[in-house]
file model.cif (mmCIF, C-alpha atoms)
data_upload
loop_
_atom_site.label_atom_id
_atom_site.label_comp_id
_atom_site.auth_asym_id
_atom_site.auth_seq_id
_atom_site.Cartn_x
_atom_site.Cartn_y
_atom_site.Cartn_z
CA MET A 1 112.96 72.53 119.02
CA ARG A 2 113.25 76.16 119.97
CA ILE A 3 111.96 75.47 123.50
CA ARG A 4 114.59 72.78 123.94
CA VAL A 5 117.36 75.20 122.83
CA LEU A 6 116.11 77.89 125.19
CA GLY A 7 115.80 75.36 128.00
CA ASN A 8 119.38 74.21 127.47
CA LEU A 9 120.58 77.82 127.42
CA ALA A 10 118.74 78.49 130.68
CA ILE A 11 120.32 75.43 132.31
CA LEU A 12 123.76 76.50 131.04
CA CYS A 13 123.34 80.02 132.43
CA ALA A 14 122.15 78.68 135.78
CA THR A 15 125.16 76.33 135.96
CA VAL A 16 127.58 79.13 135.12
CA ALA A 17 126.01 81.40 137.76
CA LEU A 18 126.10 78.65 140.39
CA SER A 19 129.71 77.72 139.61
CA TYR A 20 130.79 81.36 139.67
CA GLY A 21 129.03 81.88 143.00
CA MET A 22 130.76 78.84 144.47
CA GLN A 23 134.11 80.02 143.12
CA VAL A 24 133.92 83.52 144.60
CA THR A 25 132.68 82.34 148.00
CA LYS A 26 135.20 79.51 148.30
CA PRO A 27 137.39 79.95 151.39
CA HIS A 28 141.04 80.29 150.51
CA TYR A 29 143.69 77.75 151.33
CA ALA A 30 145.26 80.10 153.88
CA GLU A 31 141.93 80.35 155.72
CA LEU A 32 141.22 76.63 155.49
CA THR A 33 144.58 75.72 157.02
CA ALA A 34 144.79 78.60 159.50
CA PRO A 35 145.54 77.79 163.17
CA VAL A 36 142.52 76.80 165.22
CA PRO A 37 141.94 79.52 167.84
CA ILE A 38 141.14 78.63 171.45
CA ASP A 39 139.98 81.68 173.37
CA GLY A 40 140.66 82.40 177.00
CA ALA A 41 141.11 85.15 179.56
CA MET A 42 143.99 86.22 181.77
CA HIS A 43 144.66 83.94 184.77
CA ASP A 44 142.60 81.12 183.19
CA THR A 45 144.19 77.92 181.98
CA VAL A 46 143.73 77.71 178.21
CA ARG A 47 143.86 74.16 176.89
CA ALA A 48 145.49 74.03 173.44
CA ARG A 49 146.01 70.76 171.62
CA SER A 50 149.48 69.90 172.88
CA PHE A 51 149.97 72.29 175.80
CA ASP A 52 148.13 74.21 178.51
CA VAL A 53 148.96 77.85 179.08
CA ARG A 54 148.00 80.28 181.84
CA LEU A 55 148.89 83.95 181.56
CA ASP A 56 150.05 85.06 185.00
CA LYS A 57 151.16 88.67 184.60
CA VAL A 58 152.26 91.35 182.18
CA ILE A 59 154.95 93.85 183.11
CA PHE A 60 155.61 96.96 181.04
CA ALA A 61 159.02 98.60 181.09
CA ARG A 62 160.89 101.33 179.22
CA ARG A 63 164.19 99.47 179.26
CA LEU A 64 165.17 95.86 179.62
CA LYS A 65 168.27 94.71 181.43
CA THR A 66 169.69 91.36 180.44
CA ASP A 67 172.87 89.43 180.70
CA GLN A 68 174.22 88.34 177.33
CA PHE A 69 177.35 86.20 177.11
CA GLY A 70 178.48 87.53 180.48
CA GLN A 71 177.93 91.14 179.43
CA GLU A 72 175.21 93.33 180.82
CA LYS A 73 173.02 94.79 178.09
CA LEU A 74 170.44 97.54 178.43
CA LEU A 75 167.89 97.29 175.63
CA THR A 76 165.86 100.33 174.68
CA THR A 77 162.81 100.51 172.44
CA SER A 78 160.75 103.12 170.63
CA GLY A 79 157.62 101.71 172.27
CA LEU A 80 157.33 99.73 175.47
CA TRP A 81 158.70 96.38 176.48
CA ALA A 82 155.96 93.96 177.49
CA VAL A 83 157.24 91.03 179.53
CA VAL A 84 154.54 88.36 179.71
CA THR A 85 154.91 85.62 182.29
CA THR A 86 153.05 82.42 181.50
CA ASN A 87 152.72 79.06 183.14
CA LEU A 88 153.08 76.25 180.63
CA THR A 89 152.58 72.53 180.82
CA ALA A 90 152.37 69.82 178.17
CA VAL A 91 149.23 67.73 177.68
CA GLY A 92 150.28 64.25 176.60
CA THR A 93 153.93 64.24 175.75
CA SER A 94 156.98 66.49 176.12
CA THR A 95 156.89 69.23 173.51
CA THR A 96 158.00 72.78 172.83
CA VAL A 97 156.03 76.03 172.77
CA ALA A 98 157.89 78.39 170.50
CA ASP A 99 155.67 81.14 169.20
CA GLY A 100 154.15 84.17 170.87
CA THR A 101 152.45 87.11 169.14
CA TRP A 102 150.97 90.28 170.61
CA GLN A 103 147.87 91.14 168.59
CA GLY A 104 146.80 94.76 168.96
CA PRO A 105 143.17 95.92 169.07
CA THR A 106 143.16 96.60 165.31
CA GLY A 107 144.79 93.26 164.44
CA LEU A 108 148.42 94.37 164.08
CA ARG A 109 150.66 91.46 164.99
CA TYR A 110 153.81 92.04 167.00
CA HIS A 111 155.95 88.95 167.01
CA GLN A 112 158.08 88.17 170.06
CA THR A 113 161.38 90.02 170.14
CA GLU A 114 164.52 88.54 168.63
CA ARG A 115 166.82 91.04 170.29
CA LEU A 116 167.43 89.05 173.46
CA GLY A 117 169.34 86.16 171.94
CA TYR A 118 169.23 82.76 173.59
CA ARG A 119 167.96 82.57 177.15
CA GLN A 120 166.74 79.67 179.25
CA ASP A 121 163.37 81.28 180.02
CA MET A 122 162.69 82.52 176.47
CA PRO A 123 160.95 80.62 173.67
CA PRO A 124 161.20 77.87 172.59
CA HIS A 125 160.00 76.56 175.93
CA GLY A 126 160.49 72.86 176.48
CA VAL A 127 157.45 71.65 178.45
CA ASP A 128 156.62 68.31 179.98
CA PRO A 129 153.28 66.79 181.04
CA GLY A 130 152.40 67.35 184.67
CA LEU A 131 155.26 69.78 185.29
CA ASP A 132 154.55 73.50 185.48
CA LYS A 133 157.07 75.70 183.73
CA ARG A 134 157.41 79.47 183.94
CA GLY A 135 157.84 80.77 180.41
CA LEU A 136 158.47 84.35 179.37
CA PHE A 137 157.39 86.02 176.16
CA VAL A 138 158.85 89.47 175.49
CA PHE A 139 157.36 91.94 173.02
CA GLU A 140 158.07 95.43 171.77
CA VAL A 141 154.73 97.22 171.40
CA PRO A 142 153.65 100.84 170.92
CA PRO A 143 151.62 102.15 173.90
CA ASP A 144 148.44 102.50 171.78
CA GLN A 145 148.41 98.78 170.99
CA ILE A 146 147.90 97.65 174.59
CA ARG A 147 144.24 98.37 175.34
CA GLY A 148 142.13 95.54 173.89
CA ALA A 149 145.15 93.44 172.87
CA ARG A 150 145.30 89.67 172.72
CA LEU A 151 148.16 87.28 173.20
CA LEU A 152 148.49 84.44 170.68
CA ILE A 153 150.55 81.44 171.75
CA SER A 154 151.15 78.40 169.61
CA ALA A 155 153.61 75.54 169.46
CA ARG A 156 155.34 76.82 166.33
CA GLN A 157 155.23 79.86 164.11
CA PHE A 158 153.63 78.33 161.02
CA GLY A 159 151.35 75.67 162.43
CA PRO A 160 148.50 75.02 160.00
CA LEU A 161 145.48 73.46 161.70
CA ASP A 162 147.30 73.39 165.03
CA ALA A 163 145.80 75.01 168.10
CA GLN A 164 146.55 78.62 168.95
CA ALA A 165 145.74 79.95 172.42
CA ARG A 166 144.19 83.43 172.16
CA ILE A 167 144.25 85.12 175.54
CA SER A 168 142.52 88.48 175.81
CA LEU A 169 144.45 90.98 177.91
CA ASP A 170 141.40 92.78 179.31
CA GLY A 171 142.59 92.46 182.89
CA LEU A 172 145.28 95.13 182.42
CA THR A 173 144.83 98.46 184.19
CA ILE A 174 145.14 101.25 181.67
CA GLY A 175 145.28 104.91 182.62
CA ALA A 176 143.25 107.73 181.11
CA ASP A 177 146.09 108.60 178.71
CA GLY A 178 145.95 105.13 177.17
CA GLN A 179 149.20 104.06 178.78
CA PRO A 180 149.21 101.04 181.06
CA ALA A 181 149.53 101.66 184.77
CA GLY A 182 152.81 100.99 186.51
CA ILE A 183 155.37 101.18 183.70
CA LEU A 184 158.74 100.32 185.17
CA PRO A 185 161.66 102.49 184.02
CA GLU A 186 163.81 99.39 183.89
CA PHE A 187 163.17 95.67 184.23
CA ASP A 188 165.87 93.19 185.02
CA LEU A 189 165.20 89.85 183.34
CA ASP A 190 167.72 88.12 185.56
CA ALA A 191 166.24 89.30 188.85
CA PRO A 192 164.16 86.82 190.87
CA PRO A 193 160.59 86.59 189.49
CA SER A 194 158.88 88.28 192.45
CA GLN A 195 159.79 91.71 191.04
CA GLY A 196 157.05 93.99 189.71
CA LYS A 197 153.29 93.51 189.79
CA SER A 198 150.76 92.43 187.21
CA MET B 1 119.14 85.35 113.62
CA PHE B 2 121.70 82.72 114.54
CA ALA B 3 123.23 82.75 111.05
CA THR B 4 124.12 86.47 111.17
CA ALA B 5 125.45 86.15 114.72
CA ARG B 6 127.60 83.21 113.71
CA SER B 7 129.12 85.06 110.78
CA LYS B 8 129.81 88.07 113.01
CA ILE B 9 131.57 85.92 115.59
CA GLN B 10 133.59 84.29 112.84
CA THR B 11 134.65 87.71 111.61
CA TRP B 12 135.71 88.78 115.12
CA ILE B 13 137.66 85.61 115.77
CA THR B 14 139.47 85.83 112.43
CA ALA B 15 140.35 89.49 112.92
CA GLY B 16 141.41 88.93 116.56
CA ALA B 17 143.56 85.92 115.67
CA GLY B 18 145.29 87.94 112.98
CA THR B 19 146.06 90.78 115.38
CA ILE B 20 147.36 88.44 118.08
CA ALA B 21 149.53 86.58 115.53
CA ALA B 22 150.95 89.90 114.27
CA LEU B 23 151.81 91.06 117.81
CA PHE B 24 153.32 87.66 118.63
CA VAL B 25 155.54 87.62 115.54
CA ALA B 26 156.60 91.23 116.18
CA GLY B 27 157.47 90.29 119.76
CA LEU B 28 159.48 87.28 118.55
CA MET B 29 161.40 89.44 116.11
CA GLY B 30 162.28 91.87 118.89
CA ALA B 31 160.27 94.82 117.66
CA PHE B 32 159.43 95.95 121.22
CA GLY B 33 163.10 96.14 122.16
CA ALA B 34 163.21 99.39 120.18
CA LEU B 35 160.75 101.05 122.59
CA PRO B 36 162.48 103.61 124.85
CA ALA B 37 163.23 101.98 128.20
CA HIS B 38 161.88 103.77 131.26
CA ALA B 39 164.73 104.73 133.53
CA PRO B 40 163.91 104.25 137.22
CA PRO B 41 163.08 107.65 138.73
CA GLN B 42 165.38 109.58 141.01
CA LEU B 43 163.97 109.59 144.54
CA SER B 44 164.53 112.53 146.85
CA PRO B 45 166.74 111.60 149.83
CA ASP B 46 164.92 114.17 151.99
CA ALA B 47 161.42 112.73 151.68
CA ALA B 48 160.21 109.39 152.99
CA ILE B 49 160.15 106.68 150.33
CA GLU B 50 157.24 104.27 150.31
CA ALA B 51 158.73 101.03 149.02
CA GLY B 52 156.24 98.21 149.31
CA ARG B 53 156.22 97.00 152.88
CA TRP B 54 158.75 99.61 154.08
CA ARG B 55 158.73 103.35 154.54
CA LEU B 56 162.33 104.48 154.18
CA GLN B 57 164.03 107.68 155.21
CA PRO B 58 167.73 107.58 154.31
CA VAL B 59 169.80 109.32 156.97
CA ARG B 60 173.37 109.20 155.75
CA ALA B 61 175.99 107.10 154.05
CA TYR B 62 179.67 106.86 154.93
CA VAL B 63 182.73 104.69 154.57
CA SER B 64 184.06 103.25 157.80
CA HIS B 65 187.52 101.81 158.29
CA ALA B 66 186.76 100.23 161.66
CA ARG B 67 184.16 97.87 163.08
CA VAL B 68 180.68 99.39 162.82
CA TYR B 69 177.57 98.23 164.69
CA GLY B 70 179.14 94.94 165.63
CA VAL B 71 180.03 94.02 162.04
CA ALA B 72 183.64 92.88 162.09
CA LEU B 73 185.77 93.64 159.02
CA LYS B 74 188.58 91.51 157.69
CA PRO B 75 192.06 93.11 157.77
CA GLY B 76 192.47 95.57 154.90
CA GLN B 77 188.74 95.92 154.36
CA LYS B 78 186.58 98.97 154.74
CA ALA B 79 182.83 99.15 154.86
CA LEU B 80 180.18 101.17 153.11
CA VAL B 81 177.49 102.02 155.65
CA LEU B 82 174.01 103.30 154.86
CA GLU B 83 171.82 104.35 157.75
CA VAL B 84 168.08 104.39 157.14
CA ASP B 85 165.03 104.98 159.30
CA MET B 86 162.76 102.07 158.41
CA THR B 87 159.10 101.67 159.25
CA ASN B 88 157.15 98.49 158.73
CA ARG B 89 153.98 99.43 156.82
CA THR B 90 152.39 95.99 157.06
CA ALA B 91 150.23 94.48 159.79
CA GLN B 92 152.81 92.05 161.14
CA SER B 93 156.43 91.87 162.23
CA ASP B 94 158.73 91.35 159.28
CA LYS B 95 162.38 91.18 158.31
CA GLY B 96 162.16 91.12 154.52
CA TYR B 97 164.46 94.10 154.04
CA PHE B 98 167.57 92.36 152.73
CA ASN B 99 167.23 93.43 149.09
CA VAL B 100 165.82 96.92 149.58
CA PHE B 101 169.07 98.82 148.90
CA THR B 102 171.79 98.03 146.36
CA PRO B 103 174.73 100.41 145.80
CA GLU B 104 175.27 101.09 142.11
CA GLY B 105 178.49 101.50 140.19
CA ILE B 106 180.72 100.00 142.87
CA ALA B 107 182.37 96.58 143.04
CA LEU B 108 181.13 94.59 146.04
CA PRO B 109 182.95 91.44 147.18
CA ASP B 110 179.64 90.21 148.62
CA PRO B 111 176.41 91.80 147.33
CA SER B 112 174.38 90.88 150.42
CA PRO B 113 174.88 93.41 153.22
CA MET B 114 174.99 92.86 156.95
CA ILE B 115 172.05 94.74 158.46
CA ALA B 116 172.14 95.87 162.07
CA LEU B 117 169.81 97.72 164.38
CA VAL B 118 171.59 100.96 165.28
CA ARG B 119 170.00 100.93 168.76
CA ASP B 120 171.98 97.96 170.04
CA SER B 121 173.72 96.34 167.03
CA THR B 122 171.34 93.38 166.87
CA LEU B 123 171.82 91.77 163.48
CA THR B 124 168.69 91.51 161.29
CA PRO B 125 165.95 91.78 163.90
CA GLU B 126 162.30 91.72 162.91
CA LEU B 127 160.79 95.19 162.62
CA HIS B 128 157.35 95.64 164.12
CA PRO B 129 154.36 97.39 162.51
CA GLY B 130 154.56 101.16 162.74
CA MET B 131 157.66 101.20 164.96
CA THR B 132 160.36 103.20 163.17
CA GLU B 133 163.88 101.95 163.78
CA ARG B 134 167.22 103.15 162.45
CA MET B 135 168.95 100.36 160.58
CA ALA B 136 172.51 100.27 159.23
CA TYR B 137 173.27 98.44 155.97
CA VAL B 138 176.96 97.48 155.98
CA TRP B 139 178.68 96.31 152.79
CA PRO B 140 182.32 95.25 153.26
CA LEU B 141 184.56 96.63 150.50
CA ALA B 142 188.10 95.97 149.41
CA GLY B 143 190.43 98.43 151.13
CA ASP B 144 191.49 100.11 147.88
CA ALA B 145 188.03 100.30 146.32
CA ALA B 146 187.17 103.78 145.10
CA VAL B 147 183.88 105.12 146.46
CA PRO B 148 182.40 108.13 144.63
CA ALA B 149 181.49 111.21 146.65
CA ASN B 150 177.87 110.80 145.63
CA LEU B 151 176.67 107.23 145.47
CA ALA B 152 173.40 106.01 143.98
CA PHE B 153 171.48 103.31 145.80
CA ALA B 154 168.87 101.36 143.88
CA VAL B 155 165.66 100.90 145.87
CA THR B 156 163.74 97.67 145.32
CA ALA B 157 160.09 97.32 146.31
CA GLU B 158 157.61 94.47 146.10
CA ILE B 159 153.92 94.24 145.39
CA PHE B 160 151.35 92.78 147.76
CA LYS B 161 149.33 89.82 146.55
CA PRO B 162 146.32 88.86 148.66
CA HIS B 163 146.60 85.31 147.26
CA ASP B 164 149.79 83.96 145.80
CA ASN B 165 149.54 81.62 142.85
CA LEU B 166 150.82 78.50 144.61
CA TYR B 167 149.24 78.39 148.07
CA GLY B 168 146.71 81.21 147.95
CA THR B 169 148.34 82.89 150.94
CA PRO B 170 148.88 86.64 151.19
CA GLY B 171 152.41 87.93 150.76
CA TRP B 172 154.88 90.28 149.09
CA TYR B 173 156.13 89.22 145.66
CA ASN B 174 157.49 90.44 142.32
CA PRO B 175 160.34 92.75 143.33
CA TYR B 176 160.76 95.72 141.01
CA ARG B 177 163.08 98.71 140.81
CA LEU B 178 161.26 101.56 142.49
CA GLY B 179 163.93 104.15 141.80
CA THR B 180 167.34 105.41 142.77
CA VAL B 181 168.31 107.56 145.71
CA THR B 182 171.64 109.39 145.64
CA LEU B 183 173.42 110.26 148.86
CA PRO B 184 176.74 111.95 149.63
CA VAL B 185 179.23 109.50 151.09
CA ALA B 186 181.46 110.80 153.86
CA ASP B 187 184.76 109.07 154.65
CA LEU B 188 185.30 108.40 158.34
CA PRO B 189 189.01 108.03 159.12
CA GLU B 190 190.41 105.18 161.22
CA GLY B 191 189.03 105.37 164.74
CA GLY B 192 186.37 107.83 163.65
CA GLN B 193 183.01 107.00 165.12
CA PRO B 194 179.57 107.74 163.76
CA GLN B 195 178.25 110.75 165.62
CA SER B 196 174.75 109.61 166.47
CA GLY B 197 173.17 106.34 167.44
CA GLN B 198 175.98 104.97 169.59
CA SER B 199 175.48 101.35 170.47
CA GLY B 200 174.70 100.95 174.14
CA SER B 201 175.99 97.42 174.37
CA GLY B 202 179.66 98.23 174.61
CA SER B 203 180.37 95.23 172.43
#
call {"tool": "encode", "arguments": {"input": "model.cif", "output": "structure tokens"}}
result
Amino acid sequence: MRIRVLGNLAILCATVALSYGMQVTKPHYAELTAPVPIDGAMHDTVRARSFDVRLDKVIFARRLKTDQFGQEKLLTTSGLWAVVTTNLTAVGTSTTVADGTWQGPTGLRYHQTERLGYRQDMPPHGVDPGLDKRGLFVFEVPPDQIRGARLLISARQFGPLDAQARISLDGLTIGADGQPAGILPEFDLDAPPSQGKS
Amino acid sequence: MFATARSKIQTWITAGAGTIAALFVAGLMGAFGALPAHAPPQLSPDAAIEAGRWRLQPVRAYVSHARVYGVALKPGQKALVLEVDMTNRTAQSDKGYFNVFTPEGIALPDPSPMIALVRDSTLTPELHPGMTERMAYVWPLAGDAAVPANLAFAVTAEIFKPHDNLYGTPGWYNPYRLGTVTLPVADLPEGGQPQSGQSGSGS
């Protein structure tokens, strides 16, 4: 009788311990439904689920010149402007690529700027299969978040279980002071795309 | 052995149930309403305020009678403007700063302010981690509204939850009154312009 009671208690304790262990190690909903990362490097074509993306060049500038509703605007920032030129194409059907995030070396996430208003070459980019499209993503980043950064591109901002291209920006030339080489004092977004170098 | 343990547990449960019932009945009858309420603390306008996801440094407050930072006013209206240096303390770009400041003791036609980036008058841009920007909160007021020389602004903060109760996602919830910051309010006459932080857009 006593052995049976002790045996039952032991089984109960083991069940409680096992259930508690499973509960504390259970991945959370946010992790289970996070975007699926697809890693790549600069100048490589990264194949996400609904689009392909190739990062062509990154230009850093202190000021950004843009034309807004027929008025010239000069945008300043407390960090640096990073203008990322990508080549986008759809995989199976026409779609849009709307979300770009600059992820610093320590994981800080800088979402694409909202200060430019609507422009043809800014997200959301409408892309079609078989047709290459030049798409810009513009970020405001502090200079210390450039070395070891990654660019995250996905079709929309909250896309659970959708693909997210993660392009490491290790091809950038960075000077000894931690600042990227060749910062332009001013970059004109409306100038022809040959301006500046990667 | 089991008999004594059982009687002990019974004693505990009975005593605990009695205590809980007493507290519950007292709560129902409003006994805790007699406790002294904690007034929100006064925050120093000279030191940075850590308010949840934002670090705030109030710069100045004034009343403007003309268009400020691209916010157009209706005829006969004036605007209460609060300029703040805001820093995003979180790890990602965010624009959840709409309810951070509330002017107290003043009648507002619309309690939600227009918020503009002082740098170029962009309305409600996202602020990026660690990049301090000067923001202007603009509350339109009736033209004859009296604004005290020293105005208190209530500061609201939120707490971070690593997993919210519905989806288990991290986020900022449960806004609470962090305190009150009192600033002198200057009155800029018609055509008067704020001295610093001119918008470069010319708009």
call {"tool": "closest_residue", "arguments": {"input": "model.cif", "among": "A:His43, A:Arg134, A:Arg62, A:Arg166", "to": "Met122 of chain A", "atoms": "all atoms listed in the file"}}
result
A:Arg134
call {"tool": "interface_residues", "arguments": {"input": "model.cif", "of": "chain A", "to": "chain B", "cutoff": "6 Å", "atoms": "only C-alpha atoms", "output": "MDAnalysis selection string"}}
result
chainID A and resid 29:30 73 108:111 114
call {"tool": "atom_distance", "arguments": {"input": "model.cif", "atom1": "atom CA of Gly143 of chain B", "atom2": "atom CA of His65 of chain B"}}
result
8.4 Å
call {"tool": "atom_distance", "arguments": {"input": "model.cif", "atom1": "atom CA of Gly179 of chain B", "atom2": "atom CA of Ala152 of chain B"}}
result
9.9 Å
call {"tool": "residues_around", "arguments": {"input": "model.cif", "residues": "Ala107 of chain B", "least_positions_apart": "6", "cutoff": "9 Å", "atoms": "only C-alpha atoms", "output": "ChimeraX atom specification"}}
result
/B:141-142,145-146
call {"tool": "resolve_selection", "arguments": {"input": "model.cif", "expression": "the PyMOL selection byres ((chain B and resi 55-62) around 7)", "output": "ChimeraX atom specification"}}
result
/B:45,47-51,54,63-64,80-89,183-188
call {"tool": "resolve_selection", "arguments": {"input": "model.cif", "expression": "the PyMOL selection byres ((chain B and resi 74) around 12)", "output": "list in words"}}
result
His65, Ala66, Arg67, Val71, Ala72, Leu73, Pro75, Gly76, Gln77, Lys78, Ala79, Pro109, Pro140, Leu141, Ala142 and Gly143 of chain B
call {"tool": "write_last_selection", "arguments": {"input": "model.cif", "atoms": "C-alpha atoms", "output": "PDB file, in the frame of the given file"}}
result
ATOM      1  CA  HIS B  65     187.520 101.810 158.290  1.00  0.00           C
ATOM      2  CA  ALA B  66     186.760 100.230 161.660  1.00  0.00           C
ATOM      3  CA  ARG B  67     184.160  97.870 163.080  1.00  0.00           C
ATOM      4  CA  VAL B  71     180.030  94.020 162.040  1.00  0.00           C
ATOM      5  CA  ALA B  72     183.640  92.880 162.090  1.00  0.00           C
ATOM      6  CA  LEU B  73     185.770  93.640 159.020  1.00  0.00           C
ATOM      7  CA  PRO B  75     192.060  93.110 157.770  1.00  0.00           C
ATOM      8  CA  GLY B  76     192.470  95.570 154.900  1.00  0.00           C
ATOM      9  CA  GLN B  77     188.740  95.920 154.360  1.00  0.00           C
ATOM     10  CA  LYS B  78     186.580  98.970 154.740  1.00  0.00           C
ATOM     11  CA  ALA B  79     182.830  99.150 154.860  1.00  0.00           C
ATOM     12  CA  PRO B 109     182.950  91.440 147.180  1.00  0.00           C
ATOM     13  CA  PRO B 140     182.320  95.250 153.260  1.00  0.00           C
ATOM     14  CA  LEU B 141     184.560  96.630 150.500  1.00  0.00           C
ATOM     15  CA  ALA B 142     188.100  95.970 149.410  1.00  0.00           C
ATOM     16  CA  GLY B 143     190.430  98.430 151.130  1.00  0.00           C
TER      17      GLY B 143
END
call {"tool": "residues_around", "arguments": {"input": "model.cif", "residues": "segment 156-160 of chain A", "least_positions_apart": "2", "cutoff": "8 Å", "atoms": "all atoms listed in the file", "output": "list in words"}}
result
Thr33, Ala34, Pro35, Val97, Ala98, Asp99, Ser154, Asp162 and Ala163 of chain A
call {"tool": "atom_distance", "arguments": {"input": "model.cif", "atom1": "atom CA of Gly92 of chain A", "atom2": "atom CA of Tyr118 of chain A"}}
result
26.7 Å
call {"tool": "resolve_selection", "arguments": {"input": "model.cif", "expression": "the PyMOL selection byres ((chain A and resi 51-55) around 6)", "output": "ChimeraX atom specification"}}
result
/A:42-50,56,86-91
call {"tool": "write_last_selection", "arguments": {"input": "model.cif", "atoms": "C-alpha atoms", "output": "PDB file, keeping the file's coordinate frame"}}
result
ATOM      1  CA  MET A  42     143.990  86.220 181.770  1.00  0.00           C
ATOM      2  CA  HIS A  43     144.660  83.940 184.770  1.00  0.00           C
ATOM      3  CA  ASP A  44     142.600  81.120 183.190  1.00  0.00           C
ATOM      4  CA  THR A  45     144.190  77.920 181.980  1.00  0.00           C
ATOM      5  CA  VAL A  46     143.730  77.710 178.210  1.00  0.00           C
ATOM      6  CA  ARG A  47     143.860  74.160 176.890  1.00  0.00           C
ATOM      7  CA  ALA A  48     145.490  74.030 173.440  1.00  0.00           C
ATOM      8  CA  ARG A  49     146.010  70.760 171.620  1.00  0.00           C
ATOM      9  CA  SER A  50     149.480  69.900 172.880  1.00  0.00           C
ATOM     10  CA  ASP A  56     150.050  85.060 185.000  1.00  0.00           C
ATOM     11  CA  THR A  86     153.050  82.420 181.500  1.00  0.00           C
ATOM     12  CA  ASN A  87     152.720  79.060 183.140  1.00  0.00           C
ATOM     13  CA  LEU A  88     153.080  76.250 180.630  1.00  0.00           C
ATOM     14  CA  THR A  89     152.580  72.530 180.820  1.00  0.00           C
ATOM     15  CA  ALA A  90     152.370  69.820 178.170  1.00  0.00           C
ATOM     16  CA  VAL A  91     149.230  67.730 177.680  1.00  0.00           C
TER      17      VAL A  91
END
call {"tool": "residues_around", "arguments": {"input": "model.cif", "residues": "segment 136-152 of chain A", "least_positions_apart": "3", "cutoff": "6 Å", "atoms": "only C-alpha atoms", "output": "number ranges by chain"}}
result
A: 79-85, 100-105, 112-113, 121-122, 165-169, 179
call {"tool": "closest_residue", "arguments": {"input": "model.cif", "among": "A:Arg63, A:Tyr20, A:Leu161, A:Ala155", "to": "Pro185 of chain A", "atoms": "all atoms listed in the file"}}
result
A:Arg63
call {"tool": "residues_around", "arguments": {"input": "model.cif", "residues": "Lys161 of chain B", "least_positions_apart": "2", "cutoff": "8 Å", "atoms": "all atoms listed in the file", "output": "PyMOL selection string"}}
result
chain B and resi 159+163-164+170-173
